[in-house]
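**Q** Have a look at this one.
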4 protein chains.
Amino acid sequence: MSCPMRNSDFSAKSGSDANRNGMLYGEYLVLDKLLSAQRMLSTEHDRPVHDEHLFIITHQAYELWFKQIIYELDSIRQLFDSEMIEESRTLDILKRLNRIVLILKLLVDQVPILETMTPLDFMDFRNYLSTASGFQSLQFRMIENKLGIKPEHRIKYNKTMTETVGADPKILEQLEISLKDPSLSDLVQNWLERTPGLEADGFNFWEKFRKSVEQVLDDQETEAKEEPDEDFRNYRLMDILKRREVYLSIFDQNVHDALVSRGERRFTYKALQGAIMITLYRDEPRFSQPHQILTLLMDIDSFITKWRYNHVIMVQRMIGSQQLGTGGSSGYQYLKSTLSDRYKVFLDLFNLSTFLIPRESIPPLTKHMQNKLNIGDQNSTNGSA
Amino acid sequence: MSCPMRNSDFSAKSGSDANRNGMLYGEYLVLDKLLSAQRMLSTEHDRPVHDEHLFIITHQAYELWFKQIIYELDSIRQLFDSEMIEESRTLDILKRLNRIVLILKLLVDQVPILETMTPLDFMDFRNYLSTASGFQSLQFRMIENKLGIKPEHRIKYNKTMTETVGADPKILEQLEISLKDPSLSDLVQNWLERTPGLEADGFNFWEKFRKSVEQVLDDQETEAKEEPDEDFRNYRLMDILKRREVYLSIFDQNVHDALVSRGERRFTYKALQGAIMITLYRDEPRFSQPHQILTLLMDIDSFITKWRYNHVIMVQRMIGSQQLGTGGSSGYQYLKSTLSDRYKVFLDLFNLSTFLIPRESIPPLTKHMQNKLNIGDQNSTNGSA
Amino acid sequence: MSCPMRNSDFSAKSGSDANRNGMLYGEYLVLDKLLSAQRMLSTEHDRPVHDEHLFIITHQAYELWFKQIIYELDSIRQLFDSEMIEESRTLDILKRLNRIVLILKLLVDQVPILETMTPLDFMDFRNYLSTASGFQSLQFRMIENKLGIKPEHRIKYNKTMTETVGADPKILEQLEISLKDPSLSDLVQNWLERTPGLEADGFNFWEKFRKSVEQVLDDQETEAKEEPDEDFRNYRLMDILKRREVYLSIFDQNVHDALVSRGERRFTYKALQGAIMITLYRDEPRFSQPHQILTLLMDIDSFITKWRYNHVIMVQRMIGSQQLGTGGSSGYQYLKSTLSDRYKVFLDLFNLSTFLIPRESIPPLTKHMQNKLNIGDQNSTNGSA
Amino acid sequence: MSCPMRNSDFSAKSGSDANRNGMLYGEYLVLDKLLSAQRMLSTEHDRPVHDEHLFIITHQAYELWFKQIIYELDSIRQLFDSEMIEESRTLDILKRLNRIVLILKLLVDQVPILETMTPLDFMDFRNYLSTASGFQSLQFRMIENKLGIKPEHRIKYNKTMTETVGADPKILEQLEISLKDPSLSDLVQNWLERTPGLEADGFNFWEKFRKSVEQVLDDQETEAKEEPDEDFRNYRLMDILKRREVYLSIFDQNVHDALVSRGERRFTYKALQGAIMITLYRDEPRFSQPHQILTLLMDIDSFITKWRYNHVIMVQRMIGSQQLGTGGSSGYQYLKSTLSDRYKVFLDLFNLSTFLIPRESIPPLTKHMQNKLNIGDQNSTNGSA
């Protein structure tokens with residue numbers, strides 16, 4: 001792997017320092033530390049198990065990538081954390097969210113490697129590990145917290161955090177901070193609430209949207225009433241009734257708030273409006289990157305759930321499922337429960353499609369609004385000079 | 001696979017037609033035609049070979065996806081084919097290029113499935129196929145033409161097109177057209193030539209860039225001359241000399257033209273300038289999507305070459321390599337030759353990095369230019385209301 | 001894609017027929033039928049929607065691969081369907097199961113391509129499709145049936161089969177047959193029941209295994225009773241008690257049968273014994289391929305569930321989730337329910353790990369049994385002649 | 001990531017030690033060392049570059065996996081290194097080769113993550129690295145050596161090993177050993193030479209195979225001579241002549257040896273015979289696993305080349321290609337050269353298909369040979385007891 005990415009162009013620039021005294025690859029990557037951090041307990045117990053090495057390397061690779069995810073998450077949260085977000089900053093947010101998605105995809109792809117370890121092999125060394133620990137990754141917990149999973153949405157498990165990550169006060173403090181600081185979800189909601197066009201004294205999108213929806217439903221009702229077949233007519237009218245009820249959940253703030261308090265919805269009322277507006281007008285230049293951001297946020301949720309899912313299947317293969325007759329919830333059962341929608345931070349984005357209306361019924365933009373959402377002094381990228 | 005993507009929301013809208021007389025899944029997908037198009041020659045010859053079925057299905061799946069790629073390519077070429085490209089059109093171009101990239105990635109992932117057929121199995125039925133045909137996919141050839149692979153860059157092979165796709169005049173005409181119509185590469189170049197900022201009487205990027213490069217190289221030379229160690233000093237001075245020569249290839253149009261005529265460069269002189277400008281200022285709002293487009297164009301080239309590469313390895317496994325002593329070029333040798341840079345339509349984009357300069361030496365934008373590259377009447381997406 | 005896989009070696013063998021009159025690529029793949037089977041309803045309704053083309057191609061590619069899966073499944077079922085399975089047949093079973101796994105993996109990878117279609121685009125043409133159909137793929141249903149999903153394990157849905165696949169009697173008959181014929185699961189169970197070593201008057205594995213488990217549990221109990229800390233002692237004793245209860249589910253046939261009738265277990269009592277035996281002695285030569293088969297059967301279940309999972313997430317993005325207040329189960333909810341363990345045909349294999357015991361407690365093979373499970377007249381592959 | 005893979009079943013076995021004093025997850029993975037080994041040079045130089053972190057983590061992840069590959073390679077080489085290889089050992093070889101393949105596949109998948117770093121970002125920090133080092137990974141070099149890449153097949157590069165990995169004598173010694181110890185390729189060849197059936201005084205496969213090939217070619221010649229069309233007749237006769245020449249390369253040891261000395265073939269004459277024999281009779285029980293091993297060896301070569309290939313494309317994007325006019329070979333050119341067949345350790349396996357003959361011409365096994373290649377005292381896996 002002689003990688004020439006180094007020896008080129010402007011490397012000579014900073015002079016002798018860079019070229020002759022520059023750092024060697026192995027030194028730069030601190031390989032002496034990295035490659036001496038594999039400690040086989042089975043060997044230490046004089047009953048070496050070949051596959052323990054794979055178990056260690058796989059989990060260490062996970063932890064390295066978790067660190068990178070946290071690094072990107074922190075920078076994204078910082079970029080979001082201001083009243084005004086410059087366009088070029090939006091691009092950085094996009095690029096870093098996309099990088100997180102790619103990393104999560106890799107973590108999913110990594111699961112089959114660990115699956116080459118069979119249950120009997122695993123049984124040979126898992127004894128040496130602490131029951132209490134239960135392989136709790138502090139970093140993964142911090143990723144969840146920084147994304148915005150709230151303690152109240154977590155499924156209760158019979159271990160306390162101290163039991164799983166140990167009692168190191170520095171670590172417990174880090175965890176504490178990751179819970180207190182505004183999460184990505186909080187910051188995204190603030191940003192969505194500022195979506196241009198939501199102003200009640202301006203374009204007043206929400207009011208316009210509500211009227212459009214009513215119009216669509218009324219038209220459908222009129223049409224349905226003319227259906228000659230009675231059964232089918234009733235079916236259609238019932239269907240429209242149900243849909244009115246569904247829309248209440250976004251047009252009646254009381255219903256919305258009730259859903260939030262039940263944990264079935266997450267976003268603030270205003271943030272939800274912003275998200276719907278961006279989705280409907282995503283073809284407008286200024287909403288193009290915000291729409292890409294919303295898509296990437298869903299991707300993050302999707303890949304984390306896919307990772308959990310692949311993990312659950314692997315665990316079932318590895319330790320089975322002891323639900324039979326025990327009453328108590330086993331590890332497999334616990335893990336399975338984390339697949340529920342409760343662990344989706346951006347759940348509301350996934351459900352947006354419920355509220356979409358056909359393109360021709362979307363409220364048209366005003367001239368003023370159109371300008372606001374357009375690009376600069378001309379409406380072409382590479383137009384004439 | 002009961003997919004509920006249909007029975008929902010506004011489906012009732014168009015009334016009884018949509019709901020009761022709407023088309024059934026199987027009818028819609030024309031499954032009777034699709035699923036009766038697998039014709040096993042080995043069975044027809046009364047020597048059935050199990051694996052021929054896989055061979056047919058795999059190649060048919062390729063052809064379906066090729067059709068989708070052509071469909072997207074045609075629409076992208078149409079979107080590019082105008083003097084002014086609206087922002088929302090740029091977004092469509094982006095989305096469709098990205099879709100092509102995802103499809104190409106799938107085609108690469110599909111290769112291992114065909115690899116489960118072993119050479120002995122394959123030998124059992126390949127006799128029934130025409131030598132002349134050599135599995136020439138008309139659609140793949142059309143994709144190459146529409147992307148912009150020119151006949152003069154192709155490696156000569158001992159088959160004529162008539163031998164490989166047959167003599168059907170309709171098909172030959174389609175091929176003809178795919179060569180005559182402006183290719184994606186042609187249209188991208190036209191678009192790059194219009195990059196705002198290239199105007200000689202305006203921002204005049206090229207002149208500014210040339211000066212910056214000279215400054216960087218002069219500074220390096222001055223510094224290098226002060227290097228006390230004679231050997232290292234000479235090494236550095238030599239290196240700078242070489243770099244000056246490299247830059248000549250973009251600053252001296254004669255050198256550029258010579259490279260083009262030798263097939264080592266593809267873009268027009270002006271298009272190359274546009275591409276370099278977009279790469280350097282890609283953080284400016286108006287260059288963000290154009291930069292993404294350049295990246296996707298490279299992705300297309302990359303994945304096609306990866307596909308060719310995986311294909312070559314599979315063919316080597318399947319039929320071996322008969323180069324030994326024969327002198328003549330075998331199929332494996334021919335395929336291998338298509339991996340060369342000659343088949344990269346957007347080769348010049350891959351080589352752009354050769355000409356980059358450090359961020360601090362990039363010519364600063366003028367106030368006028370900054371406005372031109374910015375978004376609308378404010379410089380924030382979700383700024384204040 | 002000039003693929004040279006054809007023009008080589010022994011192609012000349014069958015003479016002029018093969019070489020000059022052999023079939024052309026396009027003719028062989030019946031491309032005229034295949035590439036004319038894309039029918040855009042939105043175009044027929046004079047409101048063309050660009051993305052409908054992708055929707056069609058994606059689903060057609062699914063159907064092509066479904067056909068290949070059915071083709072392989074049928075051949076595997078035939079190979080399994082005999083009292084004596086020759087070794088070389090086992091290898092064919094292995095290879096074809098592995099091929100199915102690779103295809104299923106591709107189907108999972110294919111989901112992100114369809115996700116590039118956005119909900120608004122989709123809304124533009126889904127009206128033209130029949131509600132009744134609900135995109136029911138007949139072939140996917142047949143795959144499920146042939147694998148061994150029983151009607152009684154399916155979650156009830158409000159559509160009849162006639163509504164979803166139409167009333168074509170030929171199709172309904174095919175479905176009927178796929179339910180009546182012995183499924184892969186049935187045949188695998190027959191095969192497992194014949195596992196050498198299960199004979200009560202021979203090695204009598206089950207009795208030996210039962211004793212080993214008891215010994216392990218007794219030893220643990222003895223050790224636990226000596227634990228000085230009372231709380232921990234009680235915790236450990238309780239744990240052992242629970243484990244005894246878990247083992248009852250395999251050692252007491254009444255408990256087993258109760259689980260089967262509740263749908264929580266699938267295999268016959270004897271087949272389960274065979275599966276456990278193969279898992280424990282998988283390092284013995286003759287159990288090596290059977291163990292690989294068990295692993296591939298789980299892979300099939302895993303990938304089908306992963307495919308369902310990715311599909312659910314896509315559907316949620318595309319049409320949202322209308323559970324709010326409606327009471328009725330929406331399509332999303334229905335699809336989500338198919339993720340449950342009820343749809344895992346080889347569920348029992350996933351749970352085997354529950355019953356494993358440490359390597360040192362596994363009953364040793366008798367001399368006779370060892371010979372039976374070994375390879376031929378010598379115990380080395382490439383030993384001396 | 002509360003992974004329950006630990007707290008279960010027999011964990012209580014080793015008593016209080018395992019359960020209460022067992023090791024915590026973070027301590028076990030030595031996370032304090034692992035997660036403090038990221039040293040950002042750009043930060044140390046007070047010009048922090050966000051993307052340097054990704055660069056470090058990516059390369060560290062590569063190094064962790066390289067360590068795992070070396071660990072598996074060493075164990076495989078040990079398993080191969082004996083006169084008699086027991087069946088159960090063959091299975092371990094298979095499993096570990098397969099694990100290496102999966103890891104290599106992951107390394108290929110990892111490339112796109114690093115590609116999210118753009119050339120300008122990279123230029124911002126690559127100055128701080130040593131030119132001399134050229135990102136030479138010692139571990140990757142060791143993998144190449146242990147696989148069996150010989151120094152004489154390497155393309156010369158202008159750096160000495162001391163310049164790239166530093167002058168640490170311990171490291172240089174490790175490298176030395178990796179070159180001296182028998183490589184995987186050496187051991188595989190020894191094993192192939194022992195293939196049962198090659199004995200001249202026994203089955204004498206090679207002589208039988210030579211005769212079959214001659215028969216096939218003679219038959220073809222007779223048939224070709226009857227071809228009425230003169231041009232086509234001559235074409236076919238020429239083709240048969242060429243094929244005779246190709247076969248000389250395996251039947252005339254002098255030609256074979258000449259190819260070996262030119263680096264176009266790698267295996268010993270006898271090992272090549274073993275490989276061809278296993279390929280032709282791979283359906284025989286005892287050759288089934290050896291054939292899988294040959295396939296996995298090719299997979300390793302394929303994925304390493306794919307990894308190199310993806311790497312080359314990334315490097316071209318990142319630093320361009322400065323071949324223009326410089327005369328000297330640039331890093332990109334060097335890397336590209338490593339894609340040649342010279343770096344394929346198991347090149348001969350890829351070319352085996354060149355020498356295959358139709359199934360019906362394969363020499364039939366003798367009764368004695370059939371028994372030798374069969375499984376135990378019966379020819380069924382799960383036959384009757």
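Here, A, B, ... name the chains of the structure tokens in the order displayed, residue numbers run from 1 inside each chain, and ligands are numbered from 1 in the same displayed order.
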Report as a short mmCIF file (atom, residue, chain, number, x, y, z; two decimals) with C-alpha atoms, in the first residue's frame the set of chain B residues whose atoms approach chain D to within 10 Å, with distances computed over only C-alpha atoms.
**A**
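Output saved as iface11.cif:
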data_model
loop_
_atom_site.label_atom_id
_atom_site.label_comp_id
_atom_site.auth_asym_id
_atom_site.auth_seq_id
_atom_site.Cartn_x
_atom_site.Cartn_y
_atom_site.Cartn_z
CA THR B 118 -18.50 -22.26 -12.68
CA PRO B 119 -16.45 -22.56 -15.89
CA LEU B 120 -17.43 -26.19 -16.43
CA ASP B 121 -21.11 -25.33 -16.16
CA PHE B 122 -20.67 -22.45 -18.54
CA MET B 123 -18.82 -24.60 -21.05
CA ASP B 124 -21.90 -26.84 -21.12
CA ASP B 239 10.67 19.38 -8.68
CA LEU B 241 10.78 22.90 -12.74
CA LYS B 242 8.68 19.82 -13.40
CA ARG B 243 5.65 21.47 -11.92
CA GLU B 245 6.06 22.14 -17.09
CA VAL B 246 2.89 20.46 -15.84
CA TYR B 247 1.11 23.81 -15.58
CA LEU B 248 2.12 24.66 -19.13
CA SER B 249 -0.37 22.00 -20.19
CA LEU B 259 -2.85 16.62 -25.54
CA GLU B 264 -4.86 12.42 -23.31
CA THR B 279 -13.64 23.23 -8.08
CA LEU B 280 -11.78 26.11 -6.46
CA THR B 295 -18.51 14.77 -8.68
CA MET B 298 -16.74 11.21 -12.08
CA ASP B 299 -18.76 8.66 -10.09
CA SER B 302 -15.67 5.28 -11.79
CA PHE B 303 -18.52 2.82 -11.50
CA THR B 305 -14.80 1.21 -14.91
CA LYS B 306 -15.38 -0.77 -11.70
CA TYR B 309 -13.07 -4.41 -13.86
CA ASN B 310 -15.25 -6.89 -12.00
CA ILE B 313 -12.00 -10.71 -13.37
CA MET B 314 -15.09 -12.85 -13.80
CA VAL B 315 -14.29 -13.51 -17.46
CA GLN B 316 -10.73 -14.49 -16.57
CA ARG B 317 -12.12 -17.00 -14.08
CA MET B 318 -14.68 -18.25 -16.55
CA ILE B 319 -12.70 -18.64 -19.74
CA GLY B 320 -9.12 -18.09 -18.64
CA SER B 321 -6.60 -16.06 -20.55
CA GLN B 322 -5.17 -17.56 -23.70
CA GLN B 323 -2.54 -15.01 -24.40
CA LEU B 324 0.21 -17.63 -24.20
CA GLY B 325 2.12 -17.72 -27.41
CA THR B 326 -0.87 -17.03 -29.61
CA GLY B 327 0.00 -13.50 -30.58
CA GLY B 328 -3.63 -12.72 -31.30
CA LEU B 347 -10.94 11.88 -17.52
CA ASP B 348 -10.08 15.57 -17.21
CA LEU B 349 -12.18 15.92 -14.05
CA PHE B 350 -10.16 13.15 -12.41
CA ASN B 351 -6.98 15.00 -13.22
CA LEU B 352 -8.11 18.40 -11.94
CA SER B 353 -6.39 17.86 -8.61
CA THR B 354 -3.09 18.06 -10.43
CA PHE B 355 -3.68 21.78 -10.83
CA LEU B 356 -5.07 22.79 -7.46
CA ILE B 357 -3.31 25.35 -5.31
CA PRO B 358 -3.46 25.86 -1.54
CA ARG B 359 -6.57 27.54 -0.26
CA GLU B 360 -4.74 30.71 0.80
#
**Q** Could you give me, as a list in words, the residues within 12 Å of Val260 in chain C, counting only C-alpha atoms and dropping anything in the same chain fewer than 3 positions from it?
**A** His153, Ser249, Ile250, Gln253, Asn254, Val255, His256, Asp257, Gly263, Glu264, Arg265, Arg266, Phe267, Thr268, Tyr269, Leu272, Arg342, Leu347 and Asp348 of chain C
**Q** If you count only C-alpha atoms, which residues fall within 9 Å of Phe55 in chain C, apart from same-chain ones fewer than 5 positions away, as a ChimeraX atom specification?
**A** /C:60,114,117,122
**Q** Between CA of Arg77 in chain A and CA of Val101 in chain B, measure the distance and give it in Å to one decimal.
**A**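 These two atoms are separated by 29.9 Å.
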**Q** Give me the residues within 9 Å of Asp186 in chain A as an MDAnalysis selection string, counting only C-alpha atoms and dropping any in the same chain fewer than 3 places off.
**A** chainID A and resid 147:148 182:183 189:191 267
**Q** Write to file, as a CSV table (one decimal), in the first residue's frame, the residues of the selection just made, with N, CA, C and O atoms.
**A**
chain,number,residue,atom,x,y,z
A,147,LEU,N,-27.9,12.8,19.3
A,147,LEU,CA,-28.9,12.8,18.2
A,147,LEU,C,-30.2,13.3,18.8
A,147,LEU,O,-30.9,14.1,18.1
A,148,GLY,N,-30.5,12.9,20.0
A,148,GLY,CA,-31.7,13.4,20.6
A,148,GLY,C,-32.7,12.4,21.2
A,148,GLY,O,-33.9,12.7,21.4
A,182,PRO,N,-27.9,21.0,23.9
A,182,PRO,CA,-29.0,20.8,22.8
A,182,PRO,C,-28.6,19.7,21.9
A,182,PRO,O,-27.5,19.7,21.4
A,183,SER,N,-29.5,18.8,21.6
A,183,SER,CA,-29.3,17.7,20.7
A,183,SER,C,-29.4,18.1,19.3
A,183,SER,O,-30.0,19.2,19.0
A,189,GLN,N,-34.9,21.4,15.0
A,189,GLN,CA,-36.2,22.0,15.2
A,189,GLN,C,-36.2,23.5,15.2
A,189,GLN,O,-37.0,24.2,14.6
A,190,ASN,N,-35.2,24.1,15.9
A,190,ASN,CA,-35.1,25.5,16.0
A,190,ASN,C,-34.9,26.1,14.5
A,190,ASN,O,-35.5,27.1,14.2
A,191,TRP,N,-34.1,25.4,13.8
A,191,TRP,CA,-33.8,25.8,12.4
A,191,TRP,C,-35.1,25.7,11.5
A,191,TRP,O,-35.4,26.6,10.8
A,267,PHE,N,-41.6,16.5,17.1
A,267,PHE,CA,-41.3,17.9,16.8
A,267,PHE,C,-42.2,18.9,17.4
A,267,PHE,O,-43.4,18.5,17.7
**Q** One number please: CA of Gln174 in chain C to CA of Trp307 in chain C, in Å, one decimal.
**A**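 For CA of Gln174 in chain C relative to CA of Trp307 in chain C, the distance reads 24.4 Å.
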**Q** Using backbone DSSP assignments, extract all helix (DSSP H, G or I) residues from range 20-210 of chain D; output them as a PyMOL selection string.
**A** chain D and resi 20+25-28+31-34+41-44+52-80+87-114+119-123+126-128+138-147+151-153+161-165+169-180+184-193+205-210
